[in-house]
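This report concerns only the one structure given below.
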Amino acid sequence: MISLIVADDHAVLRQALCEMLRNRAGKYQVVAEAADGEELVGLLKTHKPDLVIMDVAMPKLDGLAVLERLTVDGAFPPVLVLSANDGGRNVKAALKAGARGFVPKNAGIQELEFAINSILEGKTYLSPSITTSLMGPGGASDAALDNPLSVLTKRELEILTHLADGKPNREIGKFLHISTRTVDTHRSNILKKLKVKTNAELVKIAISNGLIKV
């Protein structure tokens with residue numbers, strides 16, 4: 001069972017998230033909850049969870065300040081940021097401060113579980129919707145034009161993220177609620193657009209352009 005601490009100053013949202021996680025067939029144990037950054041730091045002195053799920057905007061100490069405090073203190077559990085503010089600046093600041101993943105609050109429970117599993121496997125997880133926003137609206141910004149991934153649609157970016165993470169087409173289809181054949185078609189289009197032939201080449205492109213981290 002995966003042990004978690006959940007930190008969010010919105011009590012209703014925090015309690016609903018904790019209840020939802022506890023009901024996932026015995027997968028998760030929420031060992032503690034925090035309503036602000038200071039409370040979270042205090043809890044981590046007495047609890048050793050496998051993972052922390054944390055908002056950025058919290059009173060007393062915000063999420064970035066918590067990450068900085070934990071970095072100074074030494075070893076700490078991986079942190080997944082779950083935030084309503086998924087702007088590029090906020091995402092980059094959280095990752096720079098030491099977060100291992102970032103998921104918007106409008107994400108579904110399946111994506112949240114996928115993020116938790118990815119982080120516990122030693123990877124960094126960014127929601128595909130966040131990756132798209134980092135590249136610029138519709139791929140039209142100057143930064144996006146310099147990025148070969150700007151030729152991909154949002155759905156293709158989502159599928160590329162999962163392919164680069166090593167997920168088989170059938171699992172990707174199940175996660176995105178599309179058929180395996182549709183995933184195959186998207187993969188073929190991605191290969192053509194990026195002018196490559198193998199998944200290994202896709203992984204290299206995804207890493208070099210910040211779509212996934214290792």
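Letters A, B, ... mark the chains of the structure tokens in the order given; residue numbers begin at 1 per chain; ligand numbers begin at 1, in order shown.
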
- Message: I need the residues in range 63-210 of chain A that are strand (DSSP E or B) according to DSSP; give them as a VMD selection string.
- Response: chain A and resid 79 to 83 101 to 104 124 to 126

Based on the selection just made, write C-alpha atoms of those residues as a PDB file, in the first residue's frame.
```pdb
ATOM      1  CA  VAL A  79       6.351  15.629  -4.120  1.00  0.00           C
ATOM      2  CA  LEU A  80       3.523  15.725  -6.659  1.00  0.00           C
ATOM      3  CA  VAL A  81       2.038  19.185  -7.102  1.00  0.00           C
ATOM      4  CA  LEU A  82      -1.732  19.279  -7.663  1.00  0.00           C
ATOM      5  CA  SER A  83      -2.632  22.874  -8.450  1.00  0.00           C
ATOM      6  CA  GLY A 101       5.426  15.997 -10.893  1.00  0.00           C
ATOM      7  CA  PHE A 102       2.726  18.542 -11.691  1.00  0.00           C
ATOM      8  CA  VAL A 103      -0.949  17.779 -12.380  1.00  0.00           C
ATOM      9  CA  PRO A 104      -3.813  20.303 -12.710  1.00  0.00           C
ATOM     10  CA  THR A 124       9.153  12.975 -13.406  1.00  0.00           C
ATOM     11  CA  TYR A 125       5.539  13.389 -14.520  1.00  0.00           C
ATOM     12  CA  LEU A 126       4.013  16.410 -16.261  1.00  0.00           C
TER      13      LEU A 126
END
```

Skip Lys96 in chain A itself and residues of its chain fewer than 5 positions away, then list as a PDB file with N, CA and C atoms, in the first residue's frame all residues within 10 Å of it, counting only C-alpha atoms.
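Output saved as result_18.pdb:
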```
ATOM      1  N   LEU A  64       6.097  26.291  -2.873  1.00  0.00           N
ATOM      2  CA  LEU A  64       7.489  26.506  -3.285  1.00  0.00           C
ATOM      3  C   LEU A  64       8.384  26.681  -2.065  1.00  0.00           C
ATOM      4  N   LEU A  67       9.033  23.294  -0.502  1.00  0.00           N
ATOM      5  CA  LEU A  67      10.045  22.540  -1.236  1.00  0.00           C
ATOM      6  C   LEU A  67      11.447  23.058  -0.928  1.00  0.00           C
ATOM      7  N   GLU A  68      11.588  24.366  -0.867  1.00  0.00           N
ATOM      8  CA  GLU A  68      12.896  24.939  -0.541  1.00  0.00           C
ATOM      9  C   GLU A  68      13.319  24.551   0.872  1.00  0.00           C
ATOM     10  N   ASN A  90       4.522  28.884 -13.089  1.00  0.00           N
ATOM     11  CA  ASN A  90       4.272  28.153 -11.846  1.00  0.00           C
ATOM     12  C   ASN A  90       4.812  26.727 -11.928  1.00  0.00           C
ATOM     13  N   VAL A  91       4.610  26.085 -13.077  1.00  0.00           N
ATOM     14  CA  VAL A  91       5.081  24.711 -13.273  1.00  0.00           C
ATOM     15  C   VAL A  91       6.610  24.666 -13.210  1.00  0.00           C
TER      16      VAL A  91
END
```

- Do a neighbour search on Pro59 in chain A at 9 Å with only C-alpha atoms, toss out local chain neighbours closer than 5 positions, and write the hits as a PyMOL selection string. chain A and resi 9+35-38

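One finds CA of Arg170 in chain A at 22.0 Å from CA of Arg24 in chain A.
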
- For Lys27 in chain A, please output as a list in words all residues within 10 Å (counting only C-alpha atoms; exclusion window: fewer than 5 positions along the same chain).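 Within the cut-off, the hits are Met1, Ile2, Ser3, Leu21, Arg22 and Glu113 of chain A.
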
Save the residues we just selected, N, CA and C atoms, as a PDB file, in the first residue's frame?
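Printed below is part-v1.pdb as written:
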```pdb
ATOM      1  N   MET A   1       0.845  -1.198   0.000  1.00  0.00           N
ATOM      2  CA  MET A   1       0.000   0.000   0.000  1.00  0.00           C
ATOM      3  C   MET A   1       0.881   1.250   0.000  1.00  0.00           C
ATOM      4  N   ILE A   2       0.514   2.221  -0.819  1.00  0.00           N
ATOM      5  CA  ILE A   2       1.293   3.448  -0.956  1.00  0.00           C
ATOM      6  C   ILE A   2       0.823   4.459   0.088  1.00  0.00           C
ATOM      7  N   SER A   3       1.756   4.944   0.904  1.00  0.00           N
ATOM      8  CA  SER A   3       1.408   5.916   1.941  1.00  0.00           C
ATOM      9  C   SER A   3       1.561   7.332   1.411  1.00  0.00           C
ATOM     10  N   LEU A  21      -8.933   8.693  -2.775  1.00  0.00           N
ATOM     11  CA  LEU A  21      -7.735   7.856  -2.780  1.00  0.00           C
ATOM     12  C   LEU A  21      -7.907   6.632  -1.880  1.00  0.00           C
ATOM     13  N   ARG A  22      -8.538   6.831  -0.736  1.00  0.00           N
ATOM     14  CA  ARG A  22      -8.743   5.713   0.197  1.00  0.00           C
ATOM     15  C   ARG A  22      -9.669   4.652  -0.389  1.00  0.00           C
ATOM     16  N   GLU A 113      -3.408   8.801 -10.527  1.00  0.00           N
ATOM     17  CA  GLU A 113      -2.783   7.520 -10.208  1.00  0.00           C
ATOM     18  C   GLU A 113      -1.583   7.250 -11.118  1.00  0.00           C
TER      19      GLU A 113
END
```

Find the residues around Leu191 in chain A up to 12 Å (only C-alpha atoms counted), leave out those fewer than 4 positions away in its own chain, and share them as a PDB file with N, CA and C atoms, in the first residue's frame.
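What landed in result01.pdb:
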```pdb
ATOM      1  N   PRO A 148      10.503  20.967 -32.255  1.00  0.00           N
ATOM      2  CA  PRO A 148       9.923  20.079 -33.269  1.00  0.00           C
ATOM      3  C   PRO A 148       8.572  19.506 -32.867  1.00  0.00           C
ATOM      4  N   LEU A 149       8.279  19.480 -31.563  1.00  0.00           N
ATOM      5  CA  LEU A 149       7.001  18.938 -31.118  1.00  0.00           C
ATOM      6  C   LEU A 149       5.840  19.874 -31.422  1.00  0.00           C
ATOM      7  N   VAL A 151       4.691  20.658 -34.120  1.00  0.00           N
ATOM      8  CA  VAL A 151       3.897  20.175 -35.269  1.00  0.00           C
ATOM      9  C   VAL A 151       2.820  19.188 -34.826  1.00  0.00           C
ATOM     10  N   LEU A 152       2.867  18.757 -33.569  1.00  0.00           N
ATOM     11  CA  LEU A 152       1.919  17.750 -33.093  1.00  0.00           C
ATOM     12  C   LEU A 152       0.671  18.393 -32.511  1.00  0.00           C
ATOM     13  N   GLU A 156      -1.815  14.117 -30.018  1.00  0.00           N
ATOM     14  CA  GLU A 156      -0.544  13.481 -30.370  1.00  0.00           C
ATOM     15  C   GLU A 156       0.505  13.697 -29.282  1.00  0.00           C
ATOM     16  N   LEU A 157       0.496  14.866 -28.669  1.00  0.00           N
ATOM     17  CA  LEU A 157       1.424  15.119 -27.555  1.00  0.00           C
ATOM     18  C   LEU A 157       1.126  14.203 -26.381  1.00  0.00           C
ATOM     19  N   ILE A 159      -0.259  11.233 -26.508  1.00  0.00           N
ATOM     20  CA  ILE A 159       0.146   9.870 -26.861  1.00  0.00           C
ATOM     21  C   ILE A 159       1.661   9.748 -26.873  1.00  0.00           C
ATOM     22  N   LEU A 160       2.358  10.760 -27.389  1.00  0.00           N
ATOM     23  CA  LEU A 160       3.817  10.732 -27.381  1.00  0.00           C
ATOM     24  C   LEU A 160       4.359  10.664 -25.955  1.00  0.00           C
ATOM     25  N   LEU A 163       3.947   7.068 -24.912  1.00  0.00           N
ATOM     26  CA  LEU A 163       4.874   6.212 -25.657  1.00  0.00           C
ATOM     27  C   LEU A 163       6.291   6.359 -25.130  1.00  0.00           C
ATOM     28  N   ASP A 184      -2.515   3.384 -32.607  1.00  0.00           N
ATOM     29  CA  ASP A 184      -1.592   3.004 -33.681  1.00  0.00           C
ATOM     30  C   ASP A 184      -1.552   4.074 -34.780  1.00  0.00           C
ATOM     31  N   THR A 185      -2.727   4.578 -35.130  1.00  0.00           N
ATOM     32  CA  THR A 185      -2.812   5.596 -36.183  1.00  0.00           C
ATOM     33  C   THR A 185      -2.108   6.878 -35.748  1.00  0.00           C
ATOM     34  N   HIS A 186      -2.363   7.295 -34.509  1.00  0.00           N
ATOM     35  CA  HIS A 186      -1.698   8.495 -33.992  1.00  0.00           C
ATOM     36  C   HIS A 186      -0.179   8.297 -33.961  1.00  0.00           C
ATOM     37  N   ARG A 187       0.255   7.115 -33.546  1.00  0.00           N
ATOM     38  CA  ARG A 187       1.695   6.844 -33.484  1.00  0.00           C
ATOM     39  C   ARG A 187       2.315   6.961 -34.880  1.00  0.00           C
ATOM     40  N   LYS A 195       9.581  12.707 -38.460  1.00  0.00           N
ATOM     41  CA  LYS A 195      10.574  12.143 -39.386  1.00  0.00           C
ATOM     42  C   LYS A 195      11.500  11.135 -38.706  1.00  0.00           C
ATOM     43  N   VAL A 196      10.897  10.234 -37.925  1.00  0.00           N
ATOM     44  CA  VAL A 196      11.647   9.158 -37.278  1.00  0.00           C
ATOM     45  C   VAL A 196      10.916   7.846 -37.526  1.00  0.00           C
ATOM     46  N   LYS A 197      11.552   6.736 -37.143  1.00  0.00           N
ATOM     47  CA  LYS A 197      10.989   5.426 -37.456  1.00  0.00           C
ATOM     48  C   LYS A 197      10.741   4.538 -36.241  1.00  0.00           C
ATOM     49  N   THR A 198      11.336   4.862 -35.089  1.00  0.00           N
ATOM     50  CA  THR A 198      11.225   3.956 -33.941  1.00  0.00           C
ATOM     51  C   THR A 198      10.799   4.689 -32.679  1.00  0.00           C
ATOM     52  N   ASN A 199      10.293   3.906 -31.710  1.00  0.00           N
ATOM     53  CA  ASN A 199       9.950   4.488 -30.410  1.00  0.00           C
ATOM     54  C   ASN A 199      11.179   5.019 -29.690  1.00  0.00           C
ATOM     55  N   ALA A 200      12.331   4.377 -29.884  1.00  0.00           N
ATOM     56  CA  ALA A 200      13.562   4.840 -29.246  1.00  0.00           C
ATOM     57  C   ALA A 200      13.892   6.268 -29.686  1.00  0.00           C
ATOM     58  N   GLU A 201      13.677   6.548 -30.960  1.00  0.00           N
ATOM     59  CA  GLU A 201      13.925   7.907 -31.461  1.00  0.00           C
ATOM     60  C   GLU A 201      12.907   8.886 -30.888  1.00  0.00           C
ATOM     61  N   LEU A 202      11.665   8.420 -30.710  1.00  0.00           N
ATOM     62  CA  LEU A 202      10.640   9.271 -30.099  1.00  0.00           C
ATOM     63  C   LEU A 202      11.020   9.637 -28.672  1.00  0.00           C
ATOM     64  N   VAL A 203      11.553   8.658 -27.939  1.00  0.00           N
ATOM     65  CA  VAL A 203      11.967   8.908 -26.553  1.00  0.00           C
ATOM     66  C   VAL A 203      13.049   9.988 -26.512  1.00  0.00           C
ATOM     67  N   ILE A 205      13.648  12.390 -28.658  1.00  0.00           N
ATOM     68  CA  ILE A 205      13.061  13.692 -28.978  1.00  0.00           C
ATOM     69  C   ILE A 205      12.255  14.227 -27.785  1.00  0.00           C
TER      70      ILE A 205
END
```

- Message: Which residue is closest to Pro78 in chain A? Choose from A:Thr153, A:Asn189, A:Ser118, A:Gln29 and count only C-alpha atoms.
- Response: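 Checking each of A:Thr153, A:Asn189, A:Ser118, A:Gln29 against Pro78 in chain A, counting only C-alpha atoms, the winner is A:Ser118.
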
- Message: Please compute the CA of Met54 in chain A-CA of Ala7 in chain A distance, one decimal, in Å.
- Response: 4.7 Å

- Message: One number please: CA of Val12 in chain A to CA of Met58 in chain A, in Å, one decimal.
- Response: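 Between these atoms lies a distance of 14.3 Å.
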
- Message: Nearest residue to Lys60 in chain A out of A:Leu194, A:Ile116, A:Ala75, A:Leu40, using only C-alpha atoms?
- Response: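 So, comparing all the options, the nearest one is A:Leu40.
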